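Asks: Got a structure for you, questions after.
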Amino acid sequence: MILTIDIGNSRIKYACWQAEAIVSRGALAYGPDKLAEVFGQLFSGLEKPLQVLVVSVAAQQVSRQLKQWVADNWQLPVAFLEARKKYKDITHAYADPAQHGADRWAAVVAGHQMFPHATVCVISAGTAITFDFINKDGMHLGGYILPSYVTMHAALLGDTANVASALKLQFEAADEGMPDNTDDAVNRGLHRLLQAGIREISRSAQAEKIIITGGFAQTVLDYPDVPEMLHQPDLVMQGLYSIMSKAESRVEG
């Protein structure tokens with residue numbers, strides 16, 4: 001069994017692989033003060049893997065504690081993914097690929113492998129909403145980053161005293177009539193802003209296929225008048241697993 005782990009800014013997800021397929025998966029929210037507890041809840045019931053492969057956008061402290069937990073419990077090293085200038089026929093657009101999140105790179109690789117003869121837009125809707133475009137020749141074209149609904153909600157309330165009463169997050173994008181209270185005005189306004197931005201950006205490169213992943217993906221899919229999107233919750237895991245099978249793509253920790 002090979003264990004792949006995706007450490008985001010707020011959640012840790014894992015997938016167990018056997019015979020090139022995911023056989024089990026799990027996820028938990030985490031905070032910096034309870035990492036050992038979260039690792040125990042996620043991994044203690046798993047059999048010892050052959051490899052532990054990780055993509056992380058979190059602080060180095062999280063990676064250090066994960067390496068320690070794996071060493072203590074399984075006596076194994078941990079291999080971390082880094083974005084590179086080239087992987088097989090895929091070429092990175094960034095002059096410095098290290099500036100591109102490793103999770104985004106994994107998603108780009110998986111998206112191109114899924115549709116190798118199409119221009120693809122990959123959307124990762126999580127703590128931020130990111131867009132990456134890759135053409136049918138494997139050239140990564142770059143992309144965009146939008147703030148998430150939660151980030152914009154917090155910023156608006158923090159900077160605008162008169163809407164301080166609008167404290168309730170509304171992840172459903174219901175839009176029935178003109179808002180007549182502050183809560184609805186804030187929440188529906190943010191959803192409309194994201195809907196318009198996602199629609200415009202995803203259409204901008206005339207992508208033939210649009211793939212979406214991330215914890216906010218279902219809300220985006222429920223927005224009216226957005227282009228057709230394929231929901232792939234395991235996209236980052238798929239890219240991580242594919243890339244990390246190559247020794248030159250591994251960074252042991």
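So you can find residues: chains in the structure tokens are A, B, ... in the order shown, residues in each start at 1, and ligands are numbered from 1 in order.
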Where in region 32-221 of chain A does DSSP assign alpha helix (DSSP H), given as a ChimeraX atom specification?
Replies: /A:35-43,60-74,102-114,149-159,182-204,217-221
Asks: Give me, as a PyMOL selection string, all polymer residues having an atom no more than 9 Å from region 21-32 of chain A, counting only C-alpha atoms and skipping those fewer than 5 positions away in the same chain.
Replies: chain A and resi 9-16+38+41-42+61-62+238
Asks: Mind writing the picked residues with C-alpha atoms as a PDB file, in the first residue's frame?
Replies:
```pdb
ATOM      1  CA  ASN A   9      -4.120  25.269   4.901  1.00  0.00           C
ATOM      2  CA  SER A  10      -7.047  23.933   6.902  1.00  0.00           C
ATOM      3  CA  ARG A  11      -7.428  20.204   6.163  1.00  0.00           C
ATOM      4  CA  ILE A  12      -5.242  17.121   5.851  1.00  0.00           C
ATOM      5  CA  LYS A  13      -6.430  14.521   3.353  1.00  0.00           C
ATOM      6  CA  TYR A  14      -5.063  11.096   2.545  1.00  0.00           C
ATOM      7  CA  ALA A  15      -5.589   8.320   0.021  1.00  0.00           C
ATOM      8  CA  CYS A  16      -4.337   4.739   0.151  1.00  0.00           C
ATOM      9  CA  VAL A  38      -4.940  14.647  14.017  1.00  0.00           C
ATOM     10  CA  GLN A  41      -6.867   9.922  14.144  1.00  0.00           C
ATOM     11  CA  LEU A  42      -6.127   9.799  10.435  1.00  0.00           C
ATOM     12  CA  GLN A  61       6.188  22.965  11.303  1.00  0.00           C
ATOM     13  CA  VAL A  62       3.410  20.736   9.952  1.00  0.00           C
ATOM     14  CA  GLN A 238      -3.829  11.523  -8.638  1.00  0.00           C
TER      15      GLN A 238
END
```
Asks: CA of Gly189 (chain A) and CA of Phe216 (chain A) are how many Å apart?
Replies: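 Rounded to one decimal, the two atoms are 16.8 Å apart.
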Asks: Run DSSP on the backbone and tell me which residues of region 25-177 of chain A come out as strand (DSSP E); list them as a compact mmCIF listing (two decimals) with C-alpha atoms, in the first residue's frame.
Replies:
```txt
# COMPACT_ATOMS: atom_id res chain seq x y z
CA ARG A 25 -9.40 7.88 1.81
CA GLY A 26 -9.99 10.26 4.69
CA ALA A 27 -9.72 13.89 5.77
CA LEU A 28 -9.72 16.02 8.92
CA ALA A 29 -9.52 19.71 9.72
CA GLN A 51 5.83 4.67 0.89
CA VAL A 52 4.52 7.96 2.27
CA LEU A 53 4.19 10.62 -0.45
CA VAL A 54 3.16 14.15 0.49
CA VAL A 55 2.16 17.42 -1.11
CA SER A 56 1.97 20.31 1.35
CA ALA A 79 8.86 12.12 0.33
CA PHE A 80 7.58 15.60 -0.51
CA LEU A 81 6.51 16.82 -3.93
CA LYS A 86 9.22 19.88 -16.55
CA TYR A 87 7.52 16.54 -15.97
CA ILE A 90 4.43 18.95 -19.36
CA THR A 91 6.34 22.23 -19.16
CA VAL A 120 -7.66 22.17 -19.87
CA CYS A 121 -8.60 24.61 -17.12
CA VAL A 122 -7.97 23.24 -13.63
CA ILE A 123 -9.81 24.98 -10.79
CA SER A 124 -8.90 24.28 -7.18
CA ALA A 125 -11.57 25.76 -4.91
CA ALA A 128 -8.11 30.22 -2.22
CA ILE A 129 -9.61 29.62 -5.65
CA THR A 130 -6.88 28.96 -8.19
CA PHE A 131 -7.02 28.53 -11.95
CA ASP A 132 -4.37 26.84 -14.09
CA PHE A 133 -4.45 26.38 -17.85
CA ILE A 134 -2.54 23.77 -19.83
CA HIS A 140 1.30 25.12 -18.71
CA LEU A 141 0.04 28.60 -19.62
CA GLY A 142 -0.14 30.05 -16.10
CA GLY A 143 -3.28 31.00 -14.23
CA TYR A 144 -5.06 33.14 -11.67
CA ILE A 145 -5.77 33.22 -7.94
CA LEU A 146 -8.96 34.56 -6.36
CA PRO A 147 -9.70 34.93 -2.64
```
Asks: Between CA of Met139 (chain A) and CA of His112 (chain A), what is the distance, to one decimal in Å?
Replies: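 Computed distance, CA of Met139 (chain A) to CA of His112 (chain A), equals 9.5 Å.
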Asks: Which one is closest to Pro227 (chain A): A:Thr182, A:Gln206, A:Thr213, A:Ser148? Count only C-alpha atoms.
Replies: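 Smallest distance to Pro227 (chain A) is found for A:Gln206.
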Asks: In Å, rounded to a single decimal, give me how far CA of Gln99 (chain A) is from CA of Leu66 (chain A).
Replies: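 Result for CA of Leu66 (chain A) versus CA of Gln99 (chain A): 22.7 Å, one decimal.
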Asks: Find the spatial neighbours of Ala118 (chain A), counting only C-alpha atoms, within a cut-off of 9 Å - ignore same-chain residues fewer than 5 positions away - and output them as a count of residues only.
Replies: 8
Asks: Which one of A:Pro77, A:Pro49, A:Gly126, A:Gly138 sits closest to Asp103 (chain A) if you count only C-alpha atoms?
Replies: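 So, comparing all the options, the nearest one is A:Gly126.
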